[in-house]
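Listing of start-v7.pdb, PDB, C-alpha atoms
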ATOM      1  CA  MET A 281      31.158-141.819-109.860
ATOM      2  CA  ALA A 282      32.115-145.439-109.246
ATOM      3  CA  ILE A 283      35.332-146.489-107.537
ATOM      4  CA  GLU A 284      37.548-148.447-109.936
ATOM      5  CA  LEU A 285      38.660-151.590-108.093
ATOM      6  CA  TYR A 286      41.596-153.674-109.317
ATOM      7  CA  SER A 287      41.633-156.912-107.402
ATOM      8  CA  TRP A 288      41.508-160.702-107.146
ATOM      9  CA  ALA A 289      39.833-163.175-104.783
ATOM     10  CA  THR A 290      42.519-163.296-102.077
ATOM     11  CA  PRO A 291      42.465-162.326 -98.391
ATOM     12  CA  ASN A 292      43.953-158.919 -99.157
ATOM     13  CA  GLY A 293      41.465-158.385-101.942
ATOM     14  CA  HIS A 294      38.549-159.458 -99.757
ATOM     15  CA  LYS A 295      39.383-156.793 -97.174
ATOM     16  CA  VAL A 296      38.544-154.042 -99.632
ATOM     17  CA  HIS A 297      35.660-155.931-101.246
ATOM     18  CA  ILE A 298      34.040-156.230 -97.808
ATOM     19  CA  LEU A 299      34.485-152.559 -96.949
ATOM     20  CA  LEU A 300      33.051-151.436-100.278
ATOM     21  CA  GLU A 301      30.038-153.667 -99.702
ATOM     22  CA  GLU A 302      29.634-152.442 -96.120
ATOM     23  CA  LEU A 303      29.755-148.829 -97.310
ATOM     24  CA  GLY A 304      27.279-149.503-100.112
ATOM     25  CA  VAL A 305      29.227-147.341-102.565
ATOM     26  CA  ASP A 306      29.302-147.915-106.311
ATOM     27  CA  TYR A 307      32.378-149.701-107.591
ATOM     28  CA  ARG A 308      33.483-151.360-110.806
ATOM     29  CA  VAL A 309      35.686-154.452-110.634
ATOM     30  CA  HIS A 310      38.691-154.991-112.883
ATOM     31  CA  PRO A 311      40.005-158.559-112.400
ATOM     32  CA  ILE A 312      43.759-158.797-111.939
ATOM     33  CA  ASP A 313      44.470-162.507-112.376
ATOM     34  CA  ILE A 314      47.666-162.872-110.387
ATOM     35  CA  GLY A 315      48.160-166.455-111.597
ATOM     36  CA  ASN A 316      48.128-165.185-115.174
ATOM     37  CA  GLY A 317      50.593-162.357-114.488
ATOM     38  CA  ASP A 318      48.124-159.467-114.859
ATOM     39  CA  GLN A 319      49.818-157.752-111.905
ATOM     40  CA  PHE A 320      52.850-157.094-114.093
ATOM     41  CA  ASP A 321      50.909-155.295-116.834
ATOM     42  CA  PRO A 322      52.346-151.769-117.363
ATOM     43  CA  ASP A 323      48.912-150.175-117.061
ATOM     44  CA  PHE A 324      48.320-151.843-113.689
ATOM     45  CA  LEU A 325      51.804-150.854-112.507
ATOM     46  CA  LYS A 326      50.859-147.208-113.033
ATOM     47  CA  ILE A 327      48.193-147.705-110.359
ATOM     48  CA  SER A 328      50.041-150.210-108.150
ATOM     49  CA  PRO A 329      53.825-149.763-108.529
ATOM     50  CA  ASN A 330      54.410-152.665-106.111
ATOM     51  CA  ASN A 331      52.574-155.029-108.525
ATOM     52  CA  ARG A 332      50.218-156.241-105.809
ATOM     53  CA  ILE A 333      46.456-156.304-105.461
ATOM     54  CA  PRO A 334      44.201-154.691-104.427
ATOM     55  CA  ALA A 335      44.363-151.169-105.783
ATOM     56  CA  ILE A 336      41.729-148.554-106.440
ATOM     57  CA  VAL A 337      41.219-145.383-108.404
ATOM     58  CA  ASP A 338      38.745-142.967-106.881
ATOM     59  CA  PRO A 339      37.690-140.558-109.645
ATOM     60  CA  GLU A 340      36.475-138.170-106.957
ATOM     61  CA  GLY A 341      39.497-138.091-104.700
ATOM     62  CA  PRO A 342      40.773-135.224-102.559
ATOM     63  CA  GLY A 343      40.147-131.864-104.193
ATOM     64  CA  GLY A 344      37.848-133.567-106.682
ATOM     65  CA  LYS A 345      40.799-135.079-108.531
ATOM     66  CA  PRO A 346      41.325-138.808-109.248
ATOM     67  CA  LEU A 347      43.367-140.685-106.676
ATOM     68  CA  ALA A 348      45.100-144.028-107.255
ATOM     69  CA  LEU A 349      45.920-146.055-104.151
ATOM     70  CA  MET A 350      47.650-149.389-103.590
ATOM     71  CA  GLU A 351      48.083-151.380-100.329
ATOM     72  CA  SER A 352      44.961-152.753 -98.689
ATOM     73  CA  GLY A 353      45.547-150.992 -95.359
ATOM     74  CA  ALA A 354      45.911-147.590 -97.003
ATOM     75  CA  ILE A 355      42.754-148.222 -99.035
ATOM     76  CA  LEU A 356      40.770-149.201 -95.928
ATOM     77  CA  LEU A 357      41.896-146.052 -94.121
ATOM     78  CA  TYR A 358      41.122-143.824 -97.076
ATOM     79  CA  LEU A 359      37.636-145.175 -97.733
ATOM     80  CA  ALA A 360      36.700-145.297 -94.041
ATOM     81  CA  GLU A 361      37.777-141.691 -93.514
ATOM     82  CA  LYS A 362      36.175-140.452 -96.706
ATOM     83  CA  HIS A 363      32.811-141.967 -95.797
ATOM     84  CA  GLY A 364      33.037-141.444 -92.052
ATOM     85  CA  ARG A 365      32.342-145.059 -91.130
ATOM     86  CA  PHE A 366      34.173-147.980 -89.483
ATOM     87  CA  LEU A 367      36.991-145.753 -88.174
ATOM     88  CA  PRO A 368      36.340-143.352 -85.280
ATOM     89  CA  ALA A 369      37.265-139.779 -86.108
ATOM     90  CA  GLU A 370      39.080-139.223 -82.826
ATOM     91  CA  GLY A 371      39.783-140.499 -79.362
ATOM     92  CA  ARG A 372      40.864-143.767 -77.831
ATOM     93  CA  GLU A 373      38.801-145.955 -80.166
ATOM     94  CA  ARG A 374      40.463-144.455 -83.228
ATOM     95  CA  TYR A 375      43.930-145.402 -82.015
ATOM     96  CA  LEU A 376      42.820-148.863 -80.947
ATOM     97  CA  THR A 377      41.414-149.377 -84.443
ATOM     98  CA  LEU A 378      44.674-148.244 -86.013
ATOM     99  CA  GLN A 379      46.656-150.423 -83.612
ATOM    100  CA  TRP A 380      44.817-153.602 -84.593
ATOM    101  CA  LEU A 381      44.850-152.659 -88.265
ATOM    102  CA  MET A 382      48.641-152.301 -88.074
ATOM    103  CA  TRP A 383      48.838-155.633 -86.231
ATOM    104  CA  GLN A 384      47.069-157.289 -89.137
ATOM    105  CA  MET A 385      49.176-155.550 -91.774
ATOM    106  CA  GLY A 386      52.504-156.183 -90.071
ATOM    107  CA  GLY A 387      51.873-159.526 -88.376
ATOM    108  CA  LEU A 388      48.748-161.557 -88.981
ATOM    109  CA  GLY A 389      48.650-161.232 -92.773
ATOM    110  CA  PRO A 390      52.350-161.683 -93.563
ATOM    111  CA  MET A 391      52.864-164.525 -91.102
ATOM    112  CA  LEU A 392      49.755-166.456 -92.145
ATOM    113  CA  GLY A 393      50.843-165.899 -95.742
ATOM    114  CA  GLN A 394      54.173-167.535 -94.957
ATOM    115  CA  ALA A 395      52.353-170.391 -93.228
ATOM    116  CA  HIS A 396      50.227-170.899 -96.348
ATOM    117  CA  HIS A 397      53.312-170.883 -98.530
ATOM    118  CA  PHE A 398      55.475-173.323 -96.638
ATOM    119  CA  LEU A 399      52.662-175.634 -95.525
ATOM    120  CA  GLN A 400      50.709-175.707 -98.793
ATOM    121  CA  TYR A 401      52.652-174.432-101.800
ATOM    122  CA  ALA A 402      56.424-174.675-101.363
ATOM    123  CA  PRO A 403      57.909-177.113-103.905
ATOM    124  CA  GLU A 404      60.045-178.698-101.202
ATOM    125  CA  LYS A 405      58.956-179.448 -97.652
ATOM    126  CA  ILE A 406      61.259-177.630 -95.258
ATOM    127  CA  ASP A 407      60.573-178.893 -91.756
ATOM    128  CA  TYR A 408      62.081-175.872 -90.007
ATOM    129  CA  ALA A 409      60.005-173.389 -92.019
ATOM    130  CA  MET A 410      56.817-175.418 -91.667
ATOM    131  CA  LYS A 411      57.152-175.621 -87.884
ATOM    132  CA  ARG A 412      58.211-172.001 -87.538
ATOM    133  CA  TYR A 413      55.223-170.560 -89.383
ATOM    134  CA  ALA A 414      52.681-173.026 -87.982
ATOM    135  CA  ASN A 415      53.866-172.064 -84.494
ATOM    136  CA  GLU A 416      53.688-168.377 -85.324
ATOM    137  CA  ALA A 417      50.190-168.822 -86.769
ATOM    138  CA  ASN A 418      49.045-170.408 -83.531
ATOM    139  CA  ARG A 419      50.700-167.657 -81.497
ATOM    140  CA  LEU A 420      48.848-165.009 -83.504
ATOM    141  CA  TYR A 421      45.512-166.800 -83.147
ATOM    142  CA  GLY A 422      46.249-166.816 -79.430
ATOM    143  CA  VAL A 423      46.722-163.040 -79.459
ATOM    144  CA  LEU A 424      43.494-162.694 -81.425
ATOM    145  CA  ASP A 425      41.586-165.009 -79.123
ATOM    146  CA  LYS A 426      42.778-163.225 -75.986
ATOM    147  CA  ARG A 427      41.782-159.833 -77.364
ATOM    148  CA  LEU A 428      38.359-161.115 -78.385
ATOM    149  CA  GLY A 429      37.866-162.436 -74.880
ATOM    150  CA  GLU A 430      38.170-158.812 -73.713
ATOM    151  CA  SER A 431      35.997-157.085 -76.301
ATOM    152  CA  ARG A 432      33.370-157.901 -78.911
ATOM    153  CA  TYR A 433      35.517-156.685 -81.793
ATOM    154  CA  LEU A 434      39.219-155.992 -82.183
ATOM    155  CA  ALA A 435      39.011-152.271 -81.404
ATOM    156  CA  GLY A 436      36.202-152.480 -78.847
ATOM    157  CA  ASP A 437      32.427-152.603 -79.010
ATOM    158  CA  ASP A 438      32.148-151.516 -82.646
ATOM    159  CA  TYR A 439      32.916-153.383 -85.854
ATOM    160  CA  SER A 440      35.701-151.597 -87.735
ATOM    161  CA  ILE A 441      38.202-151.781 -90.563
ATOM    162  CA  ALA A 442      40.499-153.656 -88.169
ATOM    163  CA  ASP A 443      38.039-156.564 -88.172
ATOM    164  CA  MET A 444      37.609-156.361 -91.943
ATOM    165  CA  ALA A 445      41.381-156.535 -92.366
ATOM    166  CA  ALA A 446      41.895-159.541 -90.096
ATOM    167  CA  TRP A 447      38.837-161.661 -90.821
ATOM    168  CA  PRO A 448      39.610-162.781 -94.417
ATOM    169  CA  TRP A 449      42.966-164.185 -93.324
ATOM    170  CA  THR A 450      41.278-166.466 -90.782
ATOM    171  CA  ARG A 451      38.784-168.226 -93.043
ATOM    172  CA  TYR A 452      40.815-171.435 -93.340
ATOM    173  CA  PRO A 453      42.843-171.938 -90.139
ATOM    174  CA  GLU A 454      43.353-175.633 -90.905
ATOM    175  CA  ARG A 455      45.602-174.573 -93.794
ATOM    176  CA  GLN A 456      47.809-172.907 -91.183
ATOM    177  CA  GLU A 457      47.774-175.966 -88.880
ATOM    178  CA  VAL A 458      45.479-174.147 -86.472
ATOM    179  CA  ARG A 459      42.579-175.894 -84.721
ATOM    180  CA  ARG A 460      39.785-173.342 -84.596
ATOM    181  CA  GLU A 461      38.162-175.125 -81.638
ATOM    182  CA  ASP A 462      41.219-174.212 -79.551
ATOM    183  CA  TYR A 463      40.259-170.524 -79.869
ATOM    184  CA  PRO A 464      36.605-170.102 -78.792
ATOM    185  CA  ASN A 465      36.619-166.292 -78.646
ATOM    186  CA  PHE A 466      37.992-166.208 -82.173
ATOM    187  CA  GLN A 467      35.258-168.609 -83.297
ATOM    188  CA  ARG A 468      32.527-166.408 -81.836
ATOM    189  CA  TRP A 469      33.918-163.332 -83.609
ATOM    190  CA  PHE A 470      34.527-165.180 -86.871
ATOM    191  CA  GLU A 471      30.991-166.538 -87.065
ATOM    192  CA  GLU A 472      29.416-163.200 -86.190
ATOM    193  CA  ILE A 473      31.280-161.422 -88.968
ATOM    194  CA  ALA A 474      30.725-164.260 -91.448
ATOM    195  CA  ALA A 475      26.974-163.775 -91.055
ATOM    196  CA  ARG A 476      27.012-160.117 -92.100
ATOM    197  CA  PRO A 477      25.344-159.738 -95.536
ATOM    198  CA  ALA A 478      28.038-157.367 -96.807
ATOM    199  CA  VAL A 479      30.735-159.863 -95.835
ATOM    200  CA  VAL A 480      28.891-162.660 -97.622
ATOM    201  CA  ARG A 481      28.771-160.497-100.747
ATOM    202  CA  GLY A 482      32.359-159.293-100.368
ATOM    203  CA  VAL A 483      33.944-162.738-100.309
ATOM    204  CA  GLU A 484      32.054-163.670-103.477
ATOM    205  CA  VAL A 485      33.641-160.882-105.532
ATOM    206  CA  LEU A 486      35.693-162.443-108.361
ATOM    207  CA  VAL A 487      35.444-165.951-106.857
ATOM    208  CA  GLY A 488      33.855-167.284-110.037
ATOM    209  CA  LEU A 489      36.986-166.377-112.023
ATOM    210  CA  LYS A 490      39.462-168.002-109.683
ATOM    211  CA  LYS A 491      40.692-171.508-110.481
ATOM    212  CA  GLU A 492      41.353-174.138-107.844
ATOM    213  CA  GLY A 493      45.047-174.821-107.355
ATOM    214  CA  PHE A 494      47.941-173.478-109.408
ATOM    215  CA  ASP A 495      49.131-174.649-112.786
ATOM    216  CA  ASP A 496      52.788-174.292-113.818
ATOM    217  CA  LYS A 497      52.270-170.778-115.177
ATOM    218  CA  ALA A 498      50.610-169.606-111.978
ATOM    219  CA  LYS A 499      53.369-171.105-109.852
ATOM    220  CA  GLU A 500      55.951-169.225-111.893
ATOM    221  CA  MET A 501      54.017-165.945-111.684
ATOM    222  CA  LEU A 502      53.442-166.236-107.948
ATOM    223  CA  PHE A 503      56.513-168.055-106.672
ATOM    224  CA  GLY A 504      59.107-168.043-109.463
ATOM    225  CA  ALA A 505      61.681-165.622-110.806
ATOM    226  CA  THR A 506      59.119-163.524-112.728
ATOM    227  CA  GLN A 507      57.992-161.680-109.609
ATOM    228  CA  PHE A 508      61.525-160.518-108.837
ATOM    229  CA  GLN A 509      62.226-158.870-112.188
ATOM    230  CA  ARG A 510      62.863-155.155-112.036
ATOM    231  CA  ARG A 511      60.133-153.153-113.720
TER     232      ARG A 511
END
Will you turn the file into structure tokens for me?
Amino acid sequence: MAIELYSWATPNGHKVHILLEELGVDYRVHPIDIGNGDQFDPDFLKISPNNRIPAIVDPEGPGGKPLALMESGAILLYLAEKHGRFLPAEGRERYLTLQWLMWQMGGLGPMLGQAHHFLQYAPEKIDYAMKRYANEANRLYGVLDKRLGESRYLAGDDYSIADMAAWPWTRYPERQEVRREDYPNFQRWFEEIAARPAVVRGVEVLVGLKKEGFDDKAKEMLFGATQFQRR
């Protein structure tokens, strides 16, 4: 039975889109237009109580019972373990994969998200915030570049869910005031992953539905008081 995928064309969404394509499993996409406020729909909140995408429902979860999961990192771990791919079952490589996955979840994603917000979307330009997050973005690319000077992929010689988690956040470094040419090991890794057919397909999921820029409604849904309401 097909995985039910609730998502949108964002870096966090693309992580799961890419893994599903790499695994070659059947899935059915349910668009959650976060600029329209779909993430606050009561039916979606039953699946993703944190009102964030992506989320999945696996009709054939543990014990043969349906399983709903939110949080992209948890979804990557679940699908990789279920299908026995892109996450070593044991040993050193498993923990290195988990280490770099946690680095993306706790550092790279949130900090680049803040850089995007203050550099691109904030209604007022706050010099302190812009410098802080641009500097942190460059620090994180430095960490990434150093690691990729030591190994082909984040966790070692093999492509893993750690790479799938990090890669979508690094597609547009110029939006984070990062010069990609300053990080040659990152560039090598980025281009190698970008050429994978499953990655090409994954980043196209839902792209046709996404509008360029944000109108007033989208700004309110994403950045205004609506997101902070108790539900």
Please report the interatomic distance between atom CA of A:Arg460 and atom CA of A:Ser352 in Å with one decimal.
25.5 Å
What's the 12 Å shell around stretch 418-433 of chain A, counting only C-alpha atoms, without same-chain residues fewer than 2 positions away, as a PyMOL selection string?
chain A and resi 366+373+376-377+380+383-384+386-392+395+411-416+435-444+446-447+449-450+453-470+472-473
Write out as number ranges by chain the residues lying within 9 Å of A:Trp288, counting all atoms listed in the file and excluding same-chain residues fewer than 2 positions away.
A: 286, 290-294, 310-314, 333-334, 485-487, 489-490
So which residues get picked by the PyMOL selection byres ((chain A and resi 297) around 9) here, written as an MDAnalysis selection string?
chainID A and resid 285 287 293:296 298:302 478:479 481:485
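The space separating atom CA of A:Arg332 from atom CA of A:Gln400 comes to 20.7 Å.
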Interatomic distance between atom CA of A:Asp306 and atom CA of A:Ile283?
6.3 Å
